[in-house]
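Here the structure comes first, spelled out in structure tokens, and everything after it is commentary.
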Amino acid sequence: VSYAVRWQRQHRFRMEFLYNGGSSARFQVNGTDPLLAAFKPVAGEFYWVNHTYTHANLGCQQDFRVVPWKCVRSGGRIVWASRATIDSQIQDNLAWARAHGVPAEPGVLATGEYSGLRILPQQPVDNPNLTAAMGPNRVRWIALDASREPGMRPVGSALGVPRHPIDVGYDVDSVAEEINEYNWFHTAKKDGGSGLC
């Protein structure tokens, strides 16, 4: 954390962090989240974006028994994450930030894996419960995956803004391990990767 603050100041660049407050409780050591403890004194140095409380899927219920996956249907209708789930994921994360001194931007949201937003071809429309949640939760900006949607568009009363995330693995200790993990997740099986992407 100290290195990140120094690097930002040296390069005049402010990092954007997407946060899941629910993970802080999961990764506590002796009742304390050491990463949160390190960030608290310098939290104002970074730009914090609500990434939902537990990184829950806010789109359709996914059937992974087929490749590619498809949306589960019941009575011919898509089974969506509920409005109550979406509201609690947004509000619980903002409440966590307030309680822990993290100056999160309340009008900005980035759903986990861009869930709830259309994903072609499996989920051709946004979750209607997500679009309905934008206004009541005062979300003005929602992150879109620029690799899928390069242009801005409305998502309910919010404006969807394409972004190019930098996905850094939190479970690696070195640059070599980071590259190895990235290649594993983003390479086809025929090329030695997982084939998940």
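In the structure tokens, the first chain shown is A, the next is B, and so on; residue numbers restart at 1 for each chain, and ligands run from 1 in the order shown.
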So that I can check the surroundings of range 36-50 of chain A, please list as a JSON list (two decimals) with C-alpha atoms, in the first residue's frame every protein, DNA and RNA residue that reaches within 9 Å of it, counting only C-alpha atoms and ignoring chain neighbours fewer than 5 positions away.
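Below is the file that was written, around_6.json:
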[["chain", "number", "residue", "atom", "x", "y", "z"],
["A", 1, "VAL", "CA", 0.00, 0.00, 0.00],
["A", 2, "SER", "CA", 2.85, 2.39, 0.86],
["A", 5, "VAL", "CA", 0.91, 5.68, -2.66],
["A", 8, "GLN", "CA", 0.97, 7.43, -7.58],
["A", 14, "ARG", "CA", -4.54, 8.12, -9.19],
["A", 15, "MET", "CA", -5.42, 4.43, -9.09],
["A", 16, "GLU", "CA", -9.00, 3.23, -9.20],
["A", 17, "PHE", "CA", -9.84, 0.39, -6.84],
["A", 18, "LEU", "CA", -12.98, -1.67, -7.09],
["A", 19, "TYR", "CA", -13.84, -2.99, -3.64],
["A", 20, "ASN", "CA", -15.98, -5.79, -2.17],
["A", 21, "GLY", "CA", -16.57, -5.09, 1.53],
["A", 24, "SER", "CA", -12.77, -7.89, 4.15],
["A", 90, "ILE", "CA", -25.01, -2.05, -3.76],
["A", 93, "ASN", "CA", -21.04, -2.29, 0.08],
["A", 94, "LEU", "CA", -21.55, 1.46, 0.45],
["A", 97, "ALA", "CA", -17.17, 1.71, 3.02],
["A", 100, "HIS", "CA", -14.50, 1.67, 7.53],
["A", 101, "GLY", "CA", -13.46, 5.12, 6.33],
["A", 102, "VAL", "CA", -13.22, 4.24, 2.64],
["A", 103, "PRO", "CA", -14.27, 7.31, 0.61],
["A", 104, "ALA", "CA", -16.20, 5.44, -2.08],
["A", 105, "GLU", "CA", -17.93, 7.30, -4.89],
["A", 106, "PRO", "CA", -21.63, 6.53, -4.25],
["A", 107, "GLY", "CA", -22.92, 7.17, -7.78],
["A", 108, "VAL", "CA", -20.55, 4.73, -9.52],
["A", 109, "LEU", "CA", -20.97, 0.95, -9.80],
["A", 110, "ALA", "CA", -18.99, -1.86, -11.39],
["A", 111, "THR", "CA", -20.82, -5.17, -11.07]]
Fewer than 2 positions away in the same chain doesn't count, so skip those; otherwise give me all residues within 9 Å of Asp145 in chain A, counting only C-alpha atoms, as an NGL selection string.
:A and (113-114 or 143 or 147-150 or 161-165)
Excluding range 124-127 of chain A and any residue of its chain fewer than 3 positions from it, enumerate the residues within 9 Å of it, using only C-alpha atoms, and give them as a list of chain:residue names.
A:Leu58, A:Gly59, A:Cys60, A:Trp80, A:Ala81, A:Ser115, A:Gly116, A:Leu117, A:Arg118, A:Ile119, A:Leu120, A:Pro121, A:Leu130, A:Thr131, A:Ala132, A:Val155
Secondary structure check, alpha helix (DSSP H) residues of range 24-169 of chain A, as a PyMOL selection string
chain A and resi 24-26+34-39+83-99+128-133
Store the residues picked out above, limited to C-alpha atoms, as a CSV table (one decimal), in the first residue's frame.
chain,number,residue,atom,x,y,z
A,24,SER,CA,-12.8,-7.9,4.1
A,25,ALA,CA,-14.6,-10.0,6.7
A,26,ARG,CA,-13.6,-13.2,4.9
A,34,PRO,CA,-4.5,-6.4,7.4
A,35,LEU,CA,-5.1,-5.0,4.0
A,36,LEU,CA,-7.9,-2.7,5.2
A,37,ALA,CA,-5.7,-1.6,8.1
A,38,ALA,CA,-2.9,-0.6,5.7
A,39,PHE,CA,-5.3,1.3,3.5
A,83,ARG,CA,-34.0,-6.7,-7.3
A,84,ALA,CA,-33.6,-7.3,-3.5
A,85,THR,CA,-30.2,-9.0,-4.1
A,86,ILE,CA,-29.1,-6.2,-6.3
A,87,ASP,CA,-30.1,-3.5,-3.9
A,88,SER,CA,-28.4,-5.2,-1.0
A,89,GLN,CA,-25.2,-5.8,-2.9
A,90,ILE,CA,-25.0,-2.1,-3.8
A,91,GLN,CA,-26.1,-0.6,-0.4
A,92,ASP,CA,-24.3,-3.1,1.9
A,93,ASN,CA,-21.0,-2.3,0.1
A,94,LEU,CA,-21.5,1.5,0.4
A,95,ALA,CA,-22.4,1.0,4.1
A,96,TRP,CA,-19.2,-1.1,4.6
A,97,ALA,CA,-17.2,1.7,3.0
A,98,ARG,CA,-18.7,4.4,5.3
A,99,ALA,CA,-18.2,2.2,8.4
A,128,PRO,CA,-34.4,-5.7,-15.9
A,129,ASN,CA,-34.0,-5.8,-12.1
A,130,LEU,CA,-30.5,-4.2,-12.5
A,131,THR,CA,-31.8,-1.4,-14.8
A,132,ALA,CA,-34.7,-0.7,-12.4
A,133,ALA,CA,-32.2,-0.5,-9.4
DSSP strand (DSSP E) residues within range 106-170 of chain A, as number ranges by chain:
A: 106-109, 141-145, 153-155, 158-163
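Pairwise distance (CA of His186 in chain A, CA of Pro68 in chain A) equals 15.9 Å.
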One decimal, in Å: what's the spacing between CA of His11 in chain A and CA of Ser174 in chain A?
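Taking CA of His11 in chain A and CA of Ser174 in chain A, their separation equals 22.1 Å.
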Write out as a ChimeraX atom specification the residues lying within 12 Å of Asn180 in chain A, counting only C-alpha atoms and excluding same-chain residues fewer than 5 positions away.
/A:168-169,171-175,185-187,192-194
